[in-house]
Amino acid sequence: MIKKQVETIEIHTEFIKLDSFLKFAGVSETGGQAKEMVQEGLVLVNGQVCTMRGKKIRAGDVVEIDDLQLHVTAAEK
């Protein structure tokens, strides 16, 4: 079993689109690269493959790609 690397990513807005989130979290270098990852079905949101790059990611969501698991939290106001 592959051990997943777990990180917490704090967002400062109500939501962020999936492709923007991947770039914000440092998973992809460019928006185009993030778009390709999503369209190829490489990204899971809350355990489900997500091919919608505009999917709204909110605090409490978990985004996974390869062996990386990103837990989304909201910034303190």
# chains A, B, ... in the order shown; residues from 1 in each chain; ligands from 1
call {"tool": "select_by_dssp", "arguments": {"residues": "chain A", "states": "strand (DSSP E)", "output": "list in words"}}
result
Gln5, Val6, Glu7, Thr8, Ile9, Glu10, Ile11, Phe15, Ile16, Lys17, Val43, Leu44, Val45, Gln48, Val49, Lys56, Ile57, Arg58, Val62, Val63, Glu64, Ile65, Leu68, Gln69, Leu70, His71, Val72, Thr73 and Ala74 of chain A
call {"tool": "select_by_dssp", "arguments": {"residues": "chain A", "states": "alpha helix (DSSP H)", "output": "ChimeraX atom specification"}}
result
/A:18-24,31-39
call {"tool": "write_last_selection", "arguments": {"atoms": "all heavy atoms", "output": "compact mmCIF listing (two decimals), in the first residue's frame"}}
result
# COMPACT_ATOMS: atom_id res chain seq x y z
N LEU A 18 -11.23 24.14 -9.26
CA LEU A 18 -10.29 23.04 -9.15
C LEU A 18 -8.97 23.30 -9.87
O LEU A 18 -7.91 23.10 -9.30
CB LEU A 18 -10.93 21.74 -9.68
CG LEU A 18 -10.06 20.49 -9.63
CD1 LEU A 18 -9.55 20.21 -8.23
CD2 LEU A 18 -10.84 19.29 -10.16
N ASP A 19 -9.02 23.76 -11.13
CA ASP A 19 -7.76 23.99 -11.85
C ASP A 19 -6.93 25.08 -11.18
O ASP A 19 -5.72 24.96 -11.05
CB ASP A 19 -7.98 24.26 -13.34
CG ASP A 19 -8.88 25.44 -13.64
OD1 ASP A 19 -9.49 26.00 -12.71
OD2 ASP A 19 -8.97 25.81 -14.83
N SER A 20 -7.58 26.12 -10.68
CA SER A 20 -6.87 27.18 -9.96
C SER A 20 -6.31 26.67 -8.64
O SER A 20 -5.21 27.05 -8.23
CB SER A 20 -7.81 28.36 -9.68
OG SER A 20 -8.26 28.92 -10.90
N PHE A 21 -7.06 25.77 -7.99
CA PHE A 21 -6.60 25.20 -6.72
C PHE A 21 -5.32 24.40 -6.93
O PHE A 21 -4.38 24.49 -6.13
CB PHE A 21 -7.68 24.31 -6.11
CG PHE A 21 -7.24 23.61 -4.86
CD1 PHE A 21 -7.15 24.29 -3.66
CD2 PHE A 21 -6.87 22.28 -4.89
CE1 PHE A 21 -6.73 23.66 -2.51
CE2 PHE A 21 -6.44 21.62 -3.75
CZ PHE A 21 -6.36 22.32 -2.55
N LEU A 22 -5.26 23.60 -8.00
CA LEU A 22 -4.07 22.79 -8.26
C LEU A 22 -2.84 23.67 -8.46
O LEU A 22 -1.75 23.36 -7.98
CB LEU A 22 -4.29 21.89 -9.48
CG LEU A 22 -5.35 20.80 -9.31
CD1 LEU A 22 -5.59 20.08 -10.63
CD2 LEU A 22 -4.96 19.81 -8.23
N LYS A 23 -3.02 24.79 -9.13
CA LYS A 23 -1.92 25.73 -9.33
C LYS A 23 -1.57 26.42 -8.01
O LYS A 23 -0.40 26.52 -7.64
CB LYS A 23 -2.31 26.75 -10.40
CG LYS A 23 -1.17 27.63 -10.83
CD LYS A 23 -1.58 28.52 -11.98
CE LYS A 23 -0.48 29.50 -12.28
NZ LYS A 23 -0.87 30.54 -13.21
N PHE A 24 -2.58 26.86 -7.26
CA PHE A 24 -2.40 27.53 -5.97
C PHE A 24 -1.65 26.63 -4.98
O PHE A 24 -0.78 27.07 -4.25
CB PHE A 24 -3.76 27.93 -5.41
CG PHE A 24 -3.73 28.55 -4.04
CD1 PHE A 24 -3.26 29.84 -3.86
CD2 PHE A 24 -4.19 27.85 -2.93
CE1 PHE A 24 -3.23 30.42 -2.60
CE2 PHE A 24 -4.17 28.43 -1.66
CZ PHE A 24 -3.69 29.71 -1.51
N GLY A 31 -1.73 26.85 -15.38
CA GLY A 31 -3.16 26.55 -15.46
C GLY A 31 -3.43 25.51 -16.53
O GLY A 31 -4.30 24.65 -16.37
N GLY A 32 -2.68 25.55 -17.63
CA GLY A 32 -2.85 24.58 -18.71
C GLY A 32 -2.50 23.17 -18.24
O GLY A 32 -3.18 22.20 -18.59
N GLN A 33 -1.45 23.06 -17.46
CA GLN A 33 -1.04 21.76 -16.92
C GLN A 33 -2.13 21.23 -15.97
O GLN A 33 -2.47 20.05 -16.00
CB GLN A 33 0.29 21.91 -16.19
CG GLN A 33 0.94 20.61 -15.79
CD GLN A 33 2.26 20.84 -15.07
OE1 GLN A 33 2.35 21.66 -14.16
NE2 GLN A 33 3.28 20.11 -15.48
N ALA A 34 -2.69 22.11 -15.15
CA ALA A 34 -3.76 21.72 -14.23
C ALA A 34 -4.98 21.25 -15.02
O ALA A 34 -5.60 20.23 -14.69
CB ALA A 34 -4.13 22.90 -13.33
N LYS A 35 -5.32 21.97 -16.08
CA LYS A 35 -6.46 21.61 -16.93
C LYS A 35 -6.28 20.21 -17.50
O LYS A 35 -7.20 19.39 -17.48
CB LYS A 35 -6.58 22.64 -18.05
CG LYS A 35 -7.68 22.36 -19.05
CD LYS A 35 -7.66 23.42 -20.15
CE LYS A 35 -8.56 23.04 -21.29
NZ LYS A 35 -8.51 24.03 -22.38
N GLU A 36 -5.08 19.91 -17.98
CA GLU A 36 -4.80 18.58 -18.54
C GLU A 36 -4.95 17.49 -17.49
O GLU A 36 -5.52 16.44 -17.76
CB GLU A 36 -3.39 18.54 -19.14
CG GLU A 36 -3.27 19.25 -20.45
CD GLU A 36 -1.86 19.19 -21.02
OE1 GLU A 36 -1.12 18.24 -20.70
OE2 GLU A 36 -1.51 20.09 -21.79
N MET A 37 -4.43 17.72 -16.29
CA MET A 37 -4.53 16.73 -15.21
C MET A 37 -5.99 16.39 -14.93
O MET A 37 -6.35 15.23 -14.78
CB MET A 37 -3.90 17.27 -13.92
CG MET A 37 -2.42 17.39 -13.93
SD MET A 37 -1.93 18.16 -12.36
CE MET A 37 -0.16 18.15 -12.53
N VAL A 38 -6.82 17.44 -14.86
CA VAL A 38 -8.23 17.26 -14.56
C VAL A 38 -8.93 16.52 -15.70
O VAL A 38 -9.65 15.55 -15.48
CB VAL A 38 -8.92 18.62 -14.27
CG1 VAL A 38 -10.41 18.45 -14.11
CG2 VAL A 38 -8.31 19.26 -13.03
N GLN A 39 -8.70 16.97 -16.94
CA GLN A 39 -9.37 16.37 -18.09
C GLN A 39 -8.96 14.92 -18.30
O GLN A 39 -9.73 14.12 -18.83
CB GLN A 39 -9.10 17.19 -19.35
CG GLN A 39 -9.84 18.51 -19.34
CD GLN A 39 -9.57 19.37 -20.56
OE1 GLN A 39 -8.52 19.27 -21.18
NE2 GLN A 39 -10.52 20.21 -20.91
call {"tool": "residues_around", "arguments": {"residues": "segment 58-71 of chain A", "least_positions_apart": "3", "cutoff": "8 Å", "atoms": "only C-alpha atoms", "output": "ChimeraX atom specification"}}
result
/A:2-9,11,14-16,42-47,74
call {"tool": "atom_distance", "arguments": {"atom1": "atom CA of Ala25 of chain A", "atom2": "atom CA of Thr73 of chain A"}}
result
12.2 Å
call {"tool": "atom_distance", "arguments": {"atom1": "atom CA of Cys50 of chain A", "atom2": "atom CA of Ser28 of chain A"}}
result
16.1 Å
call {"tool": "atom_distance", "arguments": {"atom1": "atom CA of Val49 of chain A", "atom2": "atom CA of Glu10 of chain A"}}
result
22.0 Å
